[in-house]
Each structure stands twice: as structure tokens, then as C-alpha cells.
Amino acid sequence: ILRANLDGSELEMLAWGLRDPVNVMFDRDNRLIISNDGMDNRGSRPIANVPDTLEVLIEGAWYGWPDYAAGEPVTSHRYTPMNGEMPKRLLETIPSVPPKPLARFASGSNIMGFDINYNPEFGPIGDVYIASFGRVYYDGMEDYVRSGIGHRVNQVNIQTGEVITFAINRSGFPEPCGFGRPTDVAFGPDGAMYVSDMAYDTYLEPNVYPPGTGVIWRISRD
């Protein structure tokens, strides 16, 4: 996480060791909230079952990449791939003990943009609503999407870290005229939620996009 003046001067690093920070936003308590995608079960050093996380900025903190995930060492048994080897640490010594995340999401959720609700008529004040893009190609297998993970908007109680599904297709899968790959969430001046949703292709036809995908959804309590 870097900070600079608007003209790009005085660039400085505030925190490091985040695997894939996607979006940042200040809350009303001036805390910087960060959405961070976890490691993948692929490549020369596969690490399984790693959750995505919401983090809060602590200046100077190291968040664990490449040897910790969600505050735990990659040598934890939960991160060992099925029929694979336990991941090895890459750093000889760790810079510091990584902070614990505010919230954890299922592995493969691919959390992205989010907004914070301050409208009591919409829902609990301070809850985070976050787009979950979902997995598109998993573990080298033809598992294009999995019901129960991603392709939805999640709601996060920032006080407890509880994550629940706020909006999803009935099937749990991407669908034409339904959620495909949500990428961002924003509350408008009308009090409604707006969700940007990327067009999706199919595994067997990677460049064919079904009609009705690639849209902006409006969700209200009316």
C-alpha cells in the first residue's frame, strides 16, 4: 500500500506483504479497509484453501506474503493441497507477525470492489458490501464455476467479521440476465446499491458472451 501527494510527489510505502490488494476505502473512523485476494492452488508452489480477506491498514505492517495467509503460516496443514506437498516458506526470517484479517472469505471468492453502508433504511450502519467475482478456472480442471463460492455480493459485519450472502442467482451459478462476475459495489445518492457486473464467457467457448451479461444492477429496499 503506497501513499503520495496528488502530484505524485513524496511517494512512500505504508504497508506490504499483501498478496493481491484489489480495492481500498476509508471508513468514517478513518480506517483504510483493504480487499485482498489469497494465494492459489497452482503453479510451482501450490497453496490450497487460502481465504480472501478484508484487512485494515496498520502503518508499517507486513501482512504475510509470501509465507503467511490470513495471518497463518503456509505450513499450516489446512493449506496443503490434496495429494500434494506441504508448502515451504521462502523467507529465512519473517519481518514481523502479520496482523489478523477483519474478515475471511471462501477460497476462490475473488473479492473485488466494495462500499460501506451508512443508510439505516438499507441495512446495518457500517456493514461492508463487496463484489465476489468468483473462480473461472480452478486447479487446472474444467471446474468453471462452483455453486456456493463467488458470483455474488457478500455482506460483512465489520465488527464481528461475519460474512453472509446478500445477493446471488437462485442457482448459485452465473447466468444470462443474472449475476455473472460482479466487480464493484457503490451506494448512490438515491440510497440504492449499484453493482457493476462483468460479462462472462463459457469454459468451452471462451470468447462467446451470452446476451444480458456485462451490466450495472440497481438494488434497493423499495
# chains A, B, ... in the order shown; residues from 1 in each chain; ligands from 1
>>> select_by_dssp(residues="range 173-214 of chain A", states="strand (DSSP E or B)", output="list in words")
Arg181, Pro182, Thr183, Asp184, Val185, Ala186, Phe187, Met193, Tyr194, Val195, Ser196, Asp197 and Met198 of chain A
>>> write_last_selection(atoms="N, CA and C atoms", output="CSV table (one decimal), in the first residue's frame")
chain,number,residue,atom,x,y,z
A,181,ARG,N,-20.1,-12.0,-13.2
A,181,ARG,CA,-18.9,-11.8,-12.4
A,181,ARG,C,-19.0,-10.4,-11.8
A,182,PRO,N,-19.6,-10.2,-10.6
A,182,PRO,CA,-19.6,-8.8,-10.0
A,182,PRO,C,-18.2,-8.3,-9.7
A,183,THR,N,-18.0,-7.0,-10.1
A,183,THR,CA,-16.7,-6.5,-9.9
A,183,THR,C,-16.6,-5.3,-8.9
A,184,ASP,N,-17.7,-4.6,-8.7
A,184,ASP,CA,-17.7,-3.5,-7.8
A,184,ASP,C,-19.1,-3.2,-7.2
A,185,VAL,N,-19.1,-2.5,-6.1
A,185,VAL,CA,-20.3,-2.1,-5.4
A,185,VAL,C,-20.2,-0.7,-5.0
A,186,ALA,N,-21.3,0.1,-5.2
A,186,ALA,CA,-21.3,1.5,-4.8
A,186,ALA,C,-22.7,1.9,-4.4
A,187,PHE,N,-22.8,2.7,-3.3
A,187,PHE,CA,-24.1,3.2,-3.0
A,187,PHE,C,-24.3,4.6,-3.6
A,193,MET,N,-28.1,0.5,-4.0
A,193,MET,CA,-26.8,-0.1,-4.3
A,193,MET,C,-26.7,-0.3,-5.8
A,194,TYR,N,-25.5,0.0,-6.3
A,194,TYR,CA,-25.2,-0.3,-7.7
A,194,TYR,C,-24.1,-1.3,-7.8
A,195,VAL,N,-24.3,-2.3,-8.6
A,195,VAL,CA,-23.3,-3.4,-8.8
A,195,VAL,C,-22.9,-3.5,-10.2
A,196,SER,N,-21.6,-3.3,-10.5
A,196,SER,CA,-21.1,-3.5,-11.9
A,196,SER,C,-20.8,-5.0,-12.0
A,197,ASP,N,-21.2,-5.5,-13.2
A,197,ASP,CA,-21.1,-7.0,-13.4
A,197,ASP,C,-20.5,-7.2,-14.8
A,198,MET,N,-19.4,-7.8,-14.8
A,198,MET,CA,-18.6,-8.1,-16.0
A,198,MET,C,-19.3,-9.2,-16.8
>>> residues_around(residues="range 36-48 of chain A", least_positions_apart="6", cutoff="7 Å", atoms="only C-alpha atoms", output="tab-separated table (two decimals) with N, CA and C atoms, in the first residue's frame")
chain	number	residue	atom	x	y	z
A	18	LEU	N	0.90	-7.84	1.24
A	18	LEU	CA	-0.44	-8.20	0.80
A	18	LEU	C	-0.32	-8.92	-0.53
A	19	ARG	N	-0.94	-10.06	-0.66
A	19	ARG	CA	-0.75	-10.87	-1.87
A	19	ARG	C	-1.34	-10.20	-3.11
A	20	ASP	N	-2.57	-9.72	-3.03
A	20	ASP	CA	-3.22	-9.12	-4.19
A	20	ASP	C	-4.27	-8.12	-3.73
A	21	PRO	N	-3.84	-6.94	-3.23
A	21	PRO	CA	-4.82	-5.94	-2.80
A	21	PRO	C	-5.58	-5.40	-4.00
A	22	VAL	N	-6.92	-5.43	-3.92
A	22	VAL	CA	-7.76	-5.08	-5.06
A	22	VAL	C	-8.38	-3.70	-4.91
A	54	LEU	N	-10.52	-9.31	4.14
A	54	LEU	CA	-10.60	-7.87	4.34
A	54	LEU	C	-9.60	-7.52	5.43
A	69	ALA	N	-0.75	-16.60	5.17
A	69	ALA	CA	-2.02	-16.33	4.51
A	69	ALA	C	-3.10	-16.18	5.56
A	79	TYR	N	-3.49	-25.63	4.50
A	79	TYR	CA	-3.06	-25.07	3.21
A	79	TYR	C	-2.34	-26.08	2.33
A	80	THR	N	-2.23	-27.33	2.79
A	80	THR	CA	-1.57	-28.36	1.99
A	80	THR	C	-2.53	-28.90	0.93
A	81	PRO	N	-2.14	-28.87	-0.35
A	81	PRO	CA	-3.03	-29.39	-1.40
A	81	PRO	C	-3.30	-30.88	-1.22
A	87	PRO	N	3.36	-26.71	1.60
A	87	PRO	CA	4.13	-25.59	1.08
A	87	PRO	C	5.29	-25.25	2.01
A	110	ASN	N	-12.55	-14.52	-4.90
A	110	ASN	CA	-12.04	-13.41	-5.71
A	110	ASN	C	-12.81	-12.12	-5.42
A	111	ILE	N	-12.70	-11.66	-4.17
A	111	ILE	CA	-13.37	-10.42	-3.78
A	111	ILE	C	-12.73	-9.24	-4.49
A	139	ASP	N	-7.70	-24.99	-10.38
A	139	ASP	CA	-6.84	-26.16	-10.16
A	139	ASP	C	-6.53	-26.92	-11.45
>>> residues_around(residues="Asn169 in chain A", least_positions_apart="5", cutoff="12 Å", atoms="only C-alpha atoms", output="PyMOL selection string")
chain A and resi 147-153+174-182
>>> atom_distance(atom1="CA of Leu90 in chain A", atom2="CA of Gly60 in chain A")
20.8 Å
